[in-house]
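**Q** My questions all concern the structure below.
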Amino acid sequence: MASGQQWVLVEMVQAFYEAPAYHLILEGILILWIIRLLFSKTYKLQERFDLTEKEKEELIEEWQPEPLVPPVSKDHPTLKYDIVTGPPSHKIIVNGKECFNFASFNFLGLLDNERVKKQALASLKKYGVGTCGPRGFYGTFDVHLELEDRLAKFMRTEEAIIYSYGFATIASAIPAYSKRGDIVFVDEAACFSIQKGLQASRSFLKYFRHNDMEDLERLLKEQELEDQKNPRKARVIRRFIVVEGLYINTGDVCPLPELVQLKYKYKVRIFLEESMSFGVLGEHGRGVTEHFGVNIDDIDLISANMENAVASVGGFCCGRSFVIDHQRLSGQGYCFSASLPPMLAAAAIEALNIMEEDPEIFTILKGKCRHVHKALQGIPGLKVVGESFTPALHLQLEKGSGSRDTDVKTLRSIVEYCLDRQIALTQARYLEKEEKFLPPPTIRVVVTVEQTEEEIDKAVHSIREAALAILN
């Protein structure tokens with residue numbers, strides 16, 4: 001054993017003598033560098049200078065804290081409120097002046113409906129104003145369960161779940177299913193509530209051009225190739241397509257049949273946000289699935305708010321029972337917010353009754369939408385954006401100034417011109433620094449079943465006059 005150790009030592013010494021000189025020099029430098037790192041200090045003590053009391057006071061006087069929020073001009077458009085007194089129904093009182101309402105999403109005219117108000121008042125007397133608790137903490141009332149059952153039957157799905165705030169519905173539903181590492185293919189024109197839901201999910205986002213199915217399929221093919229490179233990872237990643245049925249920012253309807261084809265071809269799930277299309281599209285107001293004749297079971301999750309056509313507050317999701325039940329444990333807006341006030345749930349139930357009893361109301365709405373869309377064509381300096389059957393059209397400047405602020409002020413002047421002539425319009429508003437793809441400035445024109453042909457003609461005439469006076 002001893003002779004073996006001596007032989008190894010002899011070999012090491014021999015190798016040392018036979019090694020090239022540059023090799024030995026390099027090793028020596030490295031050894032010295034390591035020794036220096038081990039024994040040297042990693043920091044240098046700086047000389048300390050104590051300030052006098054006078055110097056301290058001068059520094060304190062000179063210091064200016066950064067503002068909590070960036071400065072905003074007092075004449076910023078968002079700080080100028082149009083004050084509404086009374087119900088925002090067919091006629092609306094804005095800044096003390098009675099106007100015809102072409103601004104509120106009261107598509108079916110149910111906001112001031114006597115039957116709806118009667119049921120809401122009866123519920124108010126029975127249950128009180130609010131609930132003071134989430135659904136899991138004594139916030140579930142019998143009227144909530146009735147509304148969920150009615151919504152599920154109306155949409156012809158297995159189950160529905162209601163939220164107390166429309167914006168929070170899809171913003172809570174998306175992160176309940178899509179998590180970190182999952183992939184979401186989303187339309188560039190998706191509304192802000194979808195954007196907030198995607199942000200909360202922390203998923204990997206892939207945006208496709210608005211309603212461009214070729215661009216979406218390109219992204220799906222790219223992902224399919226990526227999955228083939230790492231099949232083990234691909235097995236645990238979930239993939240979703242998130243779209244709106246009727247886009248609030250553009251007035252376009254999504255090409256749902258093509259989306260369903262891509263769903264089955266590339267094995268992804270579809271989340272459909274129908275706040276603008278529920279109670280509007282389809283023979284019975286069931287939304288874009290009924291509009292296209294698509295089997296509702298082909299859609300993995302449908303969400304909508306009840307703040308537009310239903311003229312209440314809150315929102316709902318519907319689909320298969322095992323999908324919806326998951327939100328009762330994971331939907332943040334459902335678990336942590338006080339539940340929907342019972343009087344609003346009762347109002348929504350009565351609105352559903354009216355929708356079921358009188359499906360002709362959807363045909364009337366569609367006819368008025370087409371009338372308004374046609375009448376708004378050819379206004380100098382403005383172009384109509386949106387489908388002819390959408391009840392929320394956009395008027396956009398044909399030629400922008402190149403400055404968004406200038407364009408916003410120009411459109412505001414048109415809105416004020418019409419307001420002076422008893423036509424209430426509104427501009428589409430956005431959180432400009434928060435939007436992923438900021439839409440251009442527009443005026444929104446809302447159509448309802450209550451508007452008469454004479455009122456529509458007066459509104460179009462006022463808009464045309466405003467455009468001629470302001471844009472030329």
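Within each chain, counting starts at residue 1; across the structure tokens, chains are named A, B, ... in the order shown, with ligands numbered 1 upward in that order.
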Using the chain letters and numbers from this document, which residues of range 251-288 of chain A does DSSP assign to strand (DSSP E or B), as a PyMOL selection string?
**A** chain A and resi 253+269-273
**Q** Apply DSSP to the structure's backbone, then extract all residues of range 206-404 of chain A labelled alpha helix (DSSP H) and return them as an mmCIF file with N, CA, C and O atoms, in the first residue's frame.
**A**
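The resulting states_17.cif:
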```cif
data_model
loop_
_atom_site.group_PDB
_atom_site.id
_atom_site.type_symbol
_atom_site.label_atom_id
_atom_site.label_comp_id
_atom_site.auth_asym_id
_atom_site.auth_seq_id
_atom_site.Cartn_x
_atom_site.Cartn_y
_atom_site.Cartn_z
ATOM 1 N N MET A 213 -58.813 34.565 -38.494
ATOM 2 C CA MET A 213 -58.681 33.144 -38.197
ATOM 3 C C MET A 213 -57.412 32.539 -38.801
ATOM 4 O O MET A 213 -56.867 31.565 -38.265
ATOM 5 N N GLU A 214 -56.902 33.129 -39.888
ATOM 6 C CA GLU A 214 -55.640 32.651 -40.458
ATOM 7 C C GLU A 214 -54.480 32.936 -39.503
ATOM 8 O O GLU A 214 -53.597 32.094 -39.320
ATOM 9 N N ASP A 215 -54.512 34.117 -38.897
ATOM 10 C CA ASP A 215 -53.461 34.460 -37.945
ATOM 11 C C ASP A 215 -53.552 33.579 -36.701
ATOM 12 O O ASP A 215 -52.531 33.136 -36.160
ATOM 13 N N LEU A 216 -54.779 33.304 -36.249
ATOM 14 C CA LEU A 216 -54.957 32.413 -35.098
ATOM 15 C C LEU A 216 -54.448 31.016 -35.417
ATOM 16 O O LEU A 216 -53.746 30.401 -34.599
ATOM 17 N N GLU A 217 -54.774 30.507 -36.591
ATOM 18 C CA GLU A 217 -54.314 29.154 -36.935
ATOM 19 C C GLU A 217 -52.796 29.108 -37.063
ATOM 20 O O GLU A 217 -52.167 28.101 -36.727
ATOM 21 N N ARG A 218 -52.197 30.187 -37.536
ATOM 22 C CA ARG A 218 -50.732 30.244 -37.591
ATOM 23 C C ARG A 218 -50.126 30.062 -36.208
ATOM 24 O O ARG A 218 -49.175 29.291 -36.012
ATOM 25 N N LEU A 219 -50.707 30.766 -35.217
ATOM 26 C CA LEU A 219 -50.211 30.648 -33.843
ATOM 27 C C LEU A 219 -50.448 29.242 -33.291
ATOM 28 O O LEU A 219 -49.609 28.695 -32.570
ATOM 29 N N LEU A 220 -51.596 28.663 -33.621
ATOM 30 C CA LEU A 220 -51.895 27.317 -33.148
ATOM 31 C C LEU A 220 -50.942 26.288 -33.757
ATOM 32 O O LEU A 220 -50.504 25.350 -33.072
ATOM 33 N N LYS A 221 -50.597 26.465 -35.029
ATOM 34 C CA LYS A 221 -49.645 25.560 -35.671
ATOM 35 C C LYS A 221 -48.266 25.691 -35.045
ATOM 36 O O LYS A 221 -47.572 24.687 -34.818
ATOM 37 N N GLU A 222 -47.849 26.921 -34.786
ATOM 38 C CA GLU A 222 -46.559 27.134 -34.143
ATOM 39 C C GLU A 222 -46.502 26.453 -32.784
ATOM 40 O O GLU A 222 -45.497 25.836 -32.417
ATOM 41 N N GLN A 223 -47.603 26.572 -32.032
ATOM 42 C CA GLN A 223 -47.635 25.929 -30.720
ATOM 43 C C GLN A 223 -47.631 24.407 -30.857
ATOM 44 O O GLN A 223 -47.012 23.703 -30.046
ATOM 45 N N GLU A 224 -48.294 23.892 -31.871
ATOM 46 C CA GLU A 224 -48.315 22.444 -32.101
ATOM 47 C C GLU A 224 -46.901 21.928 -32.368
ATOM 48 O O GLU A 224 -46.507 20.856 -31.868
ATOM 49 N N LEU A 225 -46.111 22.679 -33.135
ATOM 50 C CA LEU A 225 -44.721 22.287 -33.396
ATOM 51 C C LEU A 225 -43.891 22.344 -32.122
ATOM 52 O O LEU A 225 -43.045 21.476 -31.884
ATOM 53 N N GLU A 226 -44.126 23.364 -31.296
ATOM 54 C CA GLU A 226 -43.413 23.458 -30.020
ATOM 55 C C GLU A 226 -43.756 22.273 -29.122
ATOM 56 O O GLU A 226 -42.892 21.724 -28.434
ATOM 57 N N ASP A 227 -45.018 21.879 -29.134
ATOM 58 C CA ASP A 227 -45.443 20.751 -28.299
ATOM 59 C C ASP A 227 -44.789 19.447 -28.740
ATOM 60 O O ASP A 227 -44.489 18.579 -27.912
ATOM 61 N N GLN A 228 -44.571 19.300 -30.037
ATOM 62 C CA GLN A 228 -43.937 18.081 -30.538
ATOM 63 C C GLN A 228 -42.483 17.964 -30.089
ATOM 64 O O GLN A 228 -41.964 16.853 -29.939
ATOM 65 N N LYS A 229 -41.838 19.105 -29.858
ATOM 66 C CA LYS A 229 -40.453 19.077 -29.392
ATOM 67 C C LYS A 229 -40.348 18.624 -27.941
ATOM 68 O O LYS A 229 -39.343 18.055 -27.536
ATOM 69 N N PRO A 231 -42.995 16.735 -25.761
ATOM 70 C CA PRO A 231 -44.324 16.160 -25.509
ATOM 71 C C PRO A 231 -44.653 15.998 -24.037
ATOM 72 O O PRO A 231 -45.818 16.083 -23.653
ATOM 73 N N ARG A 232 -43.651 15.786 -23.196
ATOM 74 C CA ARG A 232 -43.927 15.632 -21.761
ATOM 75 C C ARG A 232 -44.476 16.931 -21.188
ATOM 76 O O ARG A 232 -45.450 16.926 -20.432
ATOM 77 N N LYS A 233 -43.874 18.044 -21.552
ATOM 78 C CA LYS A 233 -44.363 19.344 -21.086
ATOM 79 C C LYS A 233 -45.725 19.654 -21.692
ATOM 80 O O LYS A 233 -46.613 20.214 -21.024
ATOM 81 N N ALA A 234 -45.915 19.276 -22.955
ATOM 82 C CA ALA A 234 -47.166 19.580 -23.641
ATOM 83 C C ALA A 234 -48.354 18.901 -22.985
ATOM 84 O O ALA A 234 -49.472 19.421 -23.027
ATOM 85 N N LEU A 256 -67.651 32.525 -34.879
ATOM 86 C CA LEU A 256 -67.717 31.380 -33.968
ATOM 87 C C LEU A 256 -67.620 30.021 -34.669
ATOM 88 O O LEU A 256 -66.932 29.125 -34.163
ATOM 89 N N PRO A 257 -68.287 29.793 -35.811
ATOM 90 C CA PRO A 257 -68.151 28.480 -36.451
ATOM 91 C C PRO A 257 -66.700 28.121 -36.773
ATOM 92 O O PRO A 257 -66.274 26.971 -36.575
ATOM 93 N N GLU A 258 -65.922 29.092 -37.275
ATOM 94 C CA GLU A 258 -64.512 28.829 -37.574
ATOM 95 C C GLU A 258 -63.717 28.571 -36.299
ATOM 96 O O GLU A 258 -62.804 27.730 -36.271
ATOM 97 N N LEU A 259 -64.055 29.274 -35.226
ATOM 98 C CA LEU A 259 -63.366 29.058 -33.953
ATOM 99 C C LEU A 259 -63.611 27.644 -33.423
ATOM 100 O O LEU A 259 -62.699 27.005 -32.900
ATOM 101 N N VAL A 260 -64.837 27.163 -33.577
ATOM 102 C CA VAL A 260 -65.151 25.808 -33.121
ATOM 103 C C VAL A 260 -64.369 24.777 -33.930
ATOM 104 O O VAL A 260 -63.866 23.779 -33.380
ATOM 105 N N GLN A 261 -64.231 25.007 -35.230
ATOM 106 C CA GLN A 261 -63.440 24.095 -36.063
ATOM 107 C C GLN A 261 -61.987 24.053 -35.588
ATOM 108 O O GLN A 261 -61.386 22.968 -35.481
ATOM 109 N N LEU A 262 -61.418 25.218 -35.299
ATOM 110 C CA LEU A 262 -60.032 25.270 -34.820
ATOM 111 C C LEU A 262 -59.909 24.632 -33.441
ATOM 112 O O LEU A 262 -58.879 24.031 -33.117
ATOM 113 N N LYS A 263 -60.940 24.758 -32.643
ATOM 114 C CA LYS A 263 -60.919 24.151 -31.307
ATOM 115 C C LYS A 263 -60.687 22.644 -31.401
ATOM 116 O O LYS A 263 -59.831 22.092 -30.704
ATOM 117 N N TYR A 264 -61.463 21.981 -32.232
ATOM 118 C CA TYR A 264 -61.355 20.523 -32.329
ATOM 119 C C TYR A 264 -60.121 20.095 -33.124
ATOM 120 O O TYR A 264 -59.542 19.029 -32.864
ATOM 121 N N LYS A 265 -59.687 20.926 -34.059
ATOM 122 C CA LYS A 265 -58.517 20.572 -34.859
ATOM 123 C C LYS A 265 -57.244 20.623 -34.022
ATOM 124 O O LYS A 265 -56.363 19.753 -34.162
ATOM 125 N N TYR A 266 -57.142 21.630 -33.118
ATOM 126 C CA TYR A 266 -55.901 21.811 -32.349
ATOM 127 C C TYR A 266 -56.077 21.505 -30.865
ATOM 128 O O TYR A 266 -55.173 21.763 -30.076
ATOM 129 N N VAL A 288 -74.489 34.667 -29.320
ATOM 130 C CA VAL A 288 -73.838 34.389 -30.597
ATOM 131 C C VAL A 288 -73.920 32.910 -30.967
ATOM 132 O O VAL A 288 -73.879 32.568 -32.164
ATOM 133 N N THR A 289 -74.057 32.011 -30.005
ATOM 134 C CA THR A 289 -74.226 30.594 -30.347
ATOM 135 C C THR A 289 -75.537 30.378 -31.093
ATOM 136 O O THR A 289 -75.582 29.674 -32.095
ATOM 137 N N GLU A 290 -76.592 31.011 -30.615
ATOM 138 C CA GLU A 290 -77.884 30.907 -31.306
ATOM 139 C C GLU A 290 -77.851 31.659 -32.631
ATOM 140 O O GLU A 290 -78.452 31.224 -33.619
ATOM 141 N N HIS A 291 -77.144 32.755 -32.667
ATOM 142 C CA HIS A 291 -77.028 33.551 -33.896
ATOM 143 C C HIS A 291 -76.439 32.724 -35.031
ATOM 144 O O HIS A 291 -76.896 32.797 -36.181
ATOM 145 N N PHE A 292 -75.417 31.919 -34.727
ATOM 146 C CA PHE A 292 -74.760 31.104 -35.748
ATOM 147 C C PHE A 292 -75.297 29.672 -35.808
ATOM 148 O O PHE A 292 -74.894 28.898 -36.684
ATOM 149 N N SER A 321 -71.820 21.289 -15.622
ATOM 150 C CA SER A 321 -71.842 21.392 -14.156
ATOM 151 C C SER A 321 -70.455 21.312 -13.556
ATOM 152 O O SER A 321 -70.097 22.095 -12.656
ATOM 153 N N PHE A 322 -69.607 20.377 -14.032
ATOM 154 C CA PHE A 322 -68.290 20.234 -13.408
ATOM 155 C C PHE A 322 -67.400 21.437 -13.686
ATOM 156 O O PHE A 322 -66.503 21.758 -12.890
ATOM 157 N N VAL A 323 -67.664 22.136 -14.794
ATOM 158 C CA VAL A 323 -66.902 23.352 -15.098
ATOM 159 C C VAL A 323 -67.354 24.498 -14.193
ATOM 160 O O VAL A 323 -66.533 25.211 -13.597
ATOM 161 N N ILE A 324 -68.668 24.670 -14.060
ATOM 162 C CA ILE A 324 -69.199 25.781 -13.266
ATOM 163 C C ILE A 324 -68.917 25.582 -11.779
ATOM 164 O O ILE A 324 -68.561 26.535 -11.068
ATOM 165 N N ASP A 325 -69.047 24.360 -11.285
ATOM 166 C CA ASP A 325 -68.817 24.111 -9.858
ATOM 167 C C ASP A 325 -67.407 24.475 -9.430
ATOM 168 O O ASP A 325 -67.176 24.848 -8.277
ATOM 169 N N HIS A 326 -66.461 24.377 -10.352
ATOM 170 C CA HIS A 326 -65.074 24.731 -10.018
ATOM 171 C C HIS A 326 -64.971 26.202 -9.613
ATOM 172 O O HIS A 326 -64.158 26.552 -8.740
ATOM 173 N N GLN A 327 -65.794 27.062 -10.216
ATOM 174 C CA GLN A 327 -65.740 28.489 -9.878
ATOM 175 C C GLN A 327 -66.249 28.760 -8.464
ATOM 176 O O GLN A 327 -65.874 29.774 -7.858
ATOM 177 N N ARG A 328 -67.086 27.899 -7.930
ATOM 178 C CA ARG A 328 -67.602 28.108 -6.567
ATOM 179 C C ARG A 328 -66.487 27.968 -5.531
ATOM 180 O O ARG A 328 -66.638 28.399 -4.388
ATOM 181 N N LEU A 329 -65.385 27.377 -5.944
ATOM 182 C CA LEU A 329 -64.222 27.244 -5.053
ATOM 183 C C LEU A 329 -63.052 28.121 -5.487
ATOM 184 O O LEU A 329 -62.161 28.384 -4.685
ATOM 185 N N SER A 330 -63.049 28.546 -6.769
ATOM 186 C CA SER A 330 -61.874 29.239 -7.298
ATOM 187 C C SER A 330 -62.164 30.612 -7.892
ATOM 188 O O SER A 330 -61.220 31.345 -8.182
ATOM 189 N N GLN A 332 -62.605 34.197 -7.713
ATOM 190 C CA GLN A 332 -62.321 35.163 -6.641
ATOM 191 C C GLN A 332 -63.483 36.116 -6.414
ATOM 192 O O GLN A 332 -63.834 36.424 -5.276
ATOM 193 N N GLY A 333 -64.094 36.617 -7.504
ATOM 194 C CA GLY A 333 -65.224 37.526 -7.348
ATOM 195 C C GLY A 333 -66.419 36.859 -6.703
ATOM 196 O O GLY A 333 -67.225 37.518 -6.046
ATOM 197 N N TYR A 334 -66.546 35.541 -6.867
ATOM 198 C CA TYR A 334 -67.650 34.796 -6.267
ATOM 199 C C TYR A 334 -67.364 34.507 -4.794
ATOM 200 O O TYR A 334 -68.246 34.636 -3.935
ATOM 201 N N CYS A 335 -66.129 34.121 -4.502
ATOM 202 C CA CYS A 335 -65.782 33.672 -3.141
ATOM 203 C C CYS A 335 -65.619 34.817 -2.153
ATOM 204 O O CYS A 335 -65.890 34.648 -0.956
ATOM 205 N N PHE A 336 -65.162 35.983 -2.617
ATOM 206 C CA PHE A 336 -64.755 37.029 -1.684
ATOM 207 C C PHE A 336 -65.597 38.300 -1.737
ATOM 208 O O PHE A 336 -65.439 39.173 -0.889
ATOM 209 N N PRO A 342 -80.497 40.848 -3.391
ATOM 210 C CA PRO A 342 -81.654 40.062 -3.834
ATOM 211 C C PRO A 342 -82.605 40.816 -4.748
ATOM 212 O O PRO A 342 -83.189 40.230 -5.657
ATOM 213 N N MET A 343 -82.751 42.129 -4.536
ATOM 214 C CA MET A 343 -83.691 42.871 -5.391
ATOM 215 C C MET A 343 -83.202 42.905 -6.838
ATOM 216 O O MET A 343 -84.007 42.901 -7.779
ATOM 217 N N LEU A 344 -81.874 42.914 -7.041
ATOM 218 C CA LEU A 344 -81.340 42.903 -8.400
ATOM 219 C C LEU A 344 -81.475 41.524 -9.028
ATOM 220 O O LEU A 344 -81.670 41.399 -10.240
ATOM 221 N N ALA A 345 -81.344 40.489 -8.202
ATOM 222 C CA ALA A 345 -81.581 39.130 -8.701
ATOM 223 C C ALA A 345 -83.039 38.964 -9.119
ATOM 224 O O ALA A 345 -83.341 38.367 -10.165
ATOM 225 N N ALA A 346 -83.947 39.486 -8.316
ATOM 226 C CA ALA A 346 -85.374 39.415 -8.654
ATOM 227 C C ALA A 346 -85.669 40.191 -9.926
ATOM 228 O O ALA A 346 -86.476 39.757 -10.764
ATOM 229 N N ALA A 347 -85.029 41.342 -10.101
ATOM 230 C CA ALA A 347 -85.213 42.135 -11.317
ATOM 231 C C ALA A 347 -84.724 41.363 -12.539
ATOM 232 O O ALA A 347 -85.363 41.383 -13.599
ATOM 233 N N ALA A 348 -83.590 40.666 -12.401
ATOM 234 C CA ALA A 348 -83.050 39.881 -13.518
ATOM 235 C C ALA A 348 -83.974 38.728 -13.886
ATOM 236 O O ALA A 348 -84.162 38.421 -15.070
ATOM 237 N N ILE A 349 -84.572 38.090 -12.875
ATOM 238 C CA ILE A 349 -85.509 36.984 -13.134
ATOM 239 C C ILE A 349 -86.714 37.480 -13.926
ATOM 240 O O ILE A 349 -87.154 36.848 -14.895
ATOM 241 N N GLU A 350 -87.244 38.636 -13.530
ATOM 242 C CA GLU A 350 -88.409 39.174 -14.241
ATOM 243 C C GLU A 350 -88.033 39.599 -15.663
ATOM 244 O O GLU A 350 -88.833 39.459 -16.600
ATOM 245 N N ALA A 351 -86.805 40.107 -15.829
ATOM 246 C CA ALA A 351 -86.347 40.453 -17.177
ATOM 247 C C ALA A 351 -86.276 39.208 -18.060
ATOM 248 O O ALA A 351 -86.661 39.246 -19.237
ATOM 249 N N LEU A 352 -85.807 38.088 -17.494
ATOM 250 C CA LEU A 352 -85.787 36.833 -18.246
ATOM 251 C C LEU A 352 -87.202 36.390 -18.611
ATOM 252 O O LEU A 352 -87.441 35.873 -19.713
ATOM 253 N N ASN A 353 -88.152 36.595 -17.687
ATOM 254 C CA ASN A 353 -89.549 36.262 -17.981
ATOM 255 C C ASN A 353 -90.043 37.023 -19.208
ATOM 256 O O ASN A 353 -90.691 36.460 -20.094
ATOM 257 N N ILE A 354 -89.741 38.314 -19.249
ATOM 258 C CA ILE A 354 -90.188 39.146 -20.367
ATOM 259 C C ILE A 354 -89.521 38.703 -21.666
ATOM 260 O O ILE A 354 -90.166 38.634 -22.729
ATOM 261 N N MET A 355 -88.239 38.387 -21.595
ATOM 262 C CA MET A 355 -87.514 37.937 -22.787
ATOM 263 C C MET A 355 -88.095 36.634 -23.325
ATOM 264 O O MET A 355 -88.189 36.431 -24.547
ATOM 265 N N GLU A 356 -88.490 35.737 -22.431
ATOM 266 C CA GLU A 356 -89.061 34.456 -22.864
ATOM 267 C C GLU A 356 -90.486 34.621 -23.392
ATOM 268 O O GLU A 356 -90.888 33.941 -24.348
ATOM 269 N N GLU A 357 -91.251 35.528 -22.784
ATOM 270 C CA GLU A 357 -92.640 35.724 -23.197
ATOM 271 C C GLU A 357 -92.765 36.462 -24.526
ATOM 272 O O GLU A 357 -93.735 36.262 -25.264
ATOM 273 N N GLU A 360 -90.261 38.420 -29.833
ATOM 274 C CA GLU A 360 -90.342 39.382 -30.940
ATOM 275 C C GLU A 360 -89.509 40.627 -30.649
ATOM 276 O O GLU A 360 -89.109 41.353 -31.583
ATOM 277 N N ILE A 361 -89.207 40.847 -29.378
ATOM 278 C CA ILE A 361 -88.449 42.029 -28.986
ATOM 279 C C ILE A 361 -87.065 42.040 -29.629
ATOM 280 O O ILE A 361 -86.514 43.092 -29.960
ATOM 281 N N PHE A 362 -86.493 40.849 -29.863
ATOM 282 C CA PHE A 362 -85.159 40.757 -30.464
ATOM 283 C C PHE A 362 -85.212 41.074 -31.955
ATOM 284 O O PHE A 362 -84.277 41.674 -32.494
ATOM 285 N N THR A 363 -86.296 40.715 -32.597
ATOM 286 C CA THR A 363 -86.481 41.066 -34.009
ATOM 287 C C THR A 363 -86.642 42.572 -34.166
ATOM 288 O O THR A 363 -86.077 43.179 -35.091
ATOM 289 N N ILE A 364 -87.403 43.184 -33.250
ATOM 290 C CA ILE A 364 -87.590 44.642 -33.287
ATOM 291 C C ILE A 364 -86.244 45.354 -33.093
ATOM 292 O O ILE A 364 -85.922 46.309 -33.812
ATOM 293 N N LEU A 365 -85.456 44.874 -32.130
ATOM 294 C CA LEU A 365 -84.152 45.491 -31.866
ATOM 295 C C LEU A 365 -83.254 45.385 -33.090
ATOM 296 O O LEU A 365 -82.600 46.365 -33.474
ATOM 297 N N LYS A 366 -83.222 44.217 -33.704
ATOM 298 C CA LYS A 366 -82.369 44.026 -34.876
ATOM 299 C C LYS A 366 -82.788 44.959 -36.008
ATOM 300 O O LYS A 366 -81.943 45.551 -36.698
ATOM 301 N N GLY A 367 -84.089 45.125 -36.205
ATOM 302 C CA GLY A 367 -84.575 46.019 -37.254
ATOM 303 C C GLY A 367 -84.157 47.462 -37.010
ATOM 304 O O GLY A 367 -83.767 48.173 -37.946
ATOM 305 N N LYS A 368 -84.229 47.899 -35.757
ATOM 306 C CA LYS A 368 -83.828 49.283 -35.442
ATOM 307 C C LYS A 368 -82.321 49.466 -35.574
ATOM 308 O O LYS A 368 -81.849 50.537 -35.982
ATOM 309 N N CYS A 369 -81.571 48.422 -35.260
ATOM 310 C CA CYS A 369 -80.112 48.493 -35.434
ATOM 311 C C CYS A 369 -79.763 48.700 -36.905
ATOM 312 O O CYS A 369 -78.909 49.537 -37.244
ATOM 313 N N ARG A 370 -80.419 47.943 -37.772
ATOM 314 C CA ARG A 370 -80.152 48.078 -39.205
ATOM 315 C C ARG A 370 -80.555 49.473 -39.702
ATOM 316 O O ARG A 370 -79.862 50.062 -40.540
ATOM 317 N N HIS A 371 -81.664 49.992 -39.177
ATOM 318 C CA HIS A 371 -82.125 51.325 -39.578
ATOM 319 C C HIS A 371 -81.100 52.391 -39.187
ATOM 320 O O HIS A 371 -80.756 53.267 -40.003
ATOM 321 N N VAL A 372 -80.605 52.327 -37.955
ATOM 322 C CA VAL A 372 -79.616 53.307 -37.490
ATOM 323 C C VAL A 372 -78.314 53.166 -38.273
ATOM 324 O O VAL A 372 -77.710 54.165 -38.691
ATOM 325 N N HIS A 373 -77.870 51.933 -38.475
ATOM 326 C CA HIS A 373 -76.622 51.693 -39.201
ATOM 327 C C HIS A 373 -76.686 52.289 -40.605
ATOM 328 O O HIS A 373 -75.740 52.945 -41.082
ATOM 329 N N LYS A 374 -77.801 52.100 -41.276
ATOM 330 C CA LYS A 374 -77.969 52.629 -42.631
ATOM 331 C C LYS A 374 -78.055 54.154 -42.617
ATOM 332 O O LYS A 374 -77.459 54.833 -43.475
ATOM 333 N N ALA A 375 -78.770 54.718 -41.637
ATOM 334 C CA ALA A 375 -78.963 56.170 -41.581
ATOM 335 C C ALA A 375 -77.664 56.914 -41.290
ATOM 336 O O ALA A 375 -77.489 58.066 -41.718
ATOM 337 N N ARG A 404 -53.972 61.915 -30.528
ATOM 338 C CA ARG A 404 -55.131 61.296 -29.901
ATOM 339 C C ARG A 404 -55.916 62.307 -29.069
ATOM 340 O O ARG A 404 -57.149 62.326 -29.102
#
```
**Q** Return the single residue from A:Gly279, A:Pro134, A:Gly378, A:Gly245 that is closest to Ile302 in chain A, with distances computed using only C-alpha atoms.
**A**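 Closest to Ile302 in chain A of all the choices is A:Gly245.
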**Q** Rounded to one decimal, what separation in Å do you get between CA of Ser89 in chain A and CA of Glu455 in chain A?
**A**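 Separation of CA of Ser89 in chain A and CA of Glu455 in chain A: 14.1 Å.
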**Q** Quick one: residues within 7 Å of range 182-187 of chain A, only C-alpha atoms counted, chain neighbours fewer than 6 positions away excluded, as a list in words?
**A**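 Residues meeting the cut-off are Ser203, Phe204, Leu205, Lys206, Tyr207, Phe208, Arg209, His210, Asn211, Ile237, Arg238, Arg239, Phe240, Ile241, Val242 and Val243 of chain A.
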**Q** Would you save the residues of that selection, restricted to C-alpha atoms, as an mmCIF file, in the first residue's frame?
**A**
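So again_12.cif came out as:
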```
data_model
loop_
_atom_site.group_PDB
_atom_site.id
_atom_site.type_symbol
_atom_site.label_atom_id
_atom_site.label_comp_id
_atom_site.auth_asym_id
_atom_site.auth_seq_id
_atom_site.Cartn_x
_atom_site.Cartn_y
_atom_site.Cartn_z
ATOM 1 C CA SER A 203 -50.596 32.540 -18.264
ATOM 2 C CA PHE A 204 -48.525 32.825 -21.434
ATOM 3 C CA LEU A 205 -50.524 35.041 -23.830
ATOM 4 C CA LYS A 206 -50.508 34.908 -27.614
ATOM 5 C CA TYR A 207 -52.519 37.655 -29.322
ATOM 6 C CA PHE A 208 -53.949 37.192 -32.803
ATOM 7 C CA ARG A 209 -55.193 39.935 -35.107
ATOM 8 C CA HIS A 210 -58.817 40.897 -34.593
ATOM 9 C CA ASN A 211 -61.157 38.233 -36.031
ATOM 10 C CA ILE A 237 -50.141 22.588 -20.485
ATOM 11 C CA ARG A 238 -53.726 23.739 -21.021
ATOM 12 C CA ARG A 239 -54.609 25.835 -24.057
ATOM 13 C CA PHE A 240 -57.481 28.314 -24.330
ATOM 14 C CA ILE A 241 -58.986 30.635 -26.927
ATOM 15 C CA VAL A 242 -60.657 33.710 -25.388
ATOM 16 C CA VAL A 243 -62.969 35.844 -27.536
#
```
**Q** Would you mind telling me which residue in A:Leu438, A:Ala338, A:Leu382, A:Val236 lies nearest to Tyr165 in chain A when using only C-alpha atoms?
**A** A:Ala338
**Q** Tell me which of A:Ala469, A:Glu283, A:Val143, A:Lys399 sits closest to Leu124 in chain A, counting only C-alpha atoms.
**A** A:Val143
**Q** Restricting the calculation to only C-alpha atoms: of A:Thr250, A:Asp358, A:Val310, A:Ser403, which residue gets closest to Phe278 in chain A?
**A**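 For Phe278 in chain A, the nearest of the candidates is A:Val310.
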**Q** Between CA of Gly251 in chain A and CA of Glu435 in chain A, what is the distance in Å, rounded to a tenth?
**A**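 Computing the Euclidean distance for CA of Gly251 in chain A and CA of Glu435 in chain A yields 17.6 Å.
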**Q** To one decimal place, how far is CA of Ala200 in chain A from CA of Asp212 in chain A in Å?
**A**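 Taking CA of Ala200 in chain A as the start and CA of Asp212 in chain A as the end point, the length is 25.5 Å.
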**Q** Using only C-alpha atoms, which residues sit within 12 Å of range 80-84 of chain A once same-chain residues fewer than 3 positions away are excluded, as a list in words?
**A**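 Skipping anything fewer than 3 positions along the chain leaves Ser73, Lys74, Asp75, His76, Pro77, Pro87, Pro88, Ser89, Lys91, Ile92, Ile93, Val94, Asn95, Gly96, Lys97, Glu98, Cys99, Asn101, Ala103, Ser104, Arg412, Val415, Glu416, Leu419, Ala424, Leu425, Thr426 and Gln427 of chain A.
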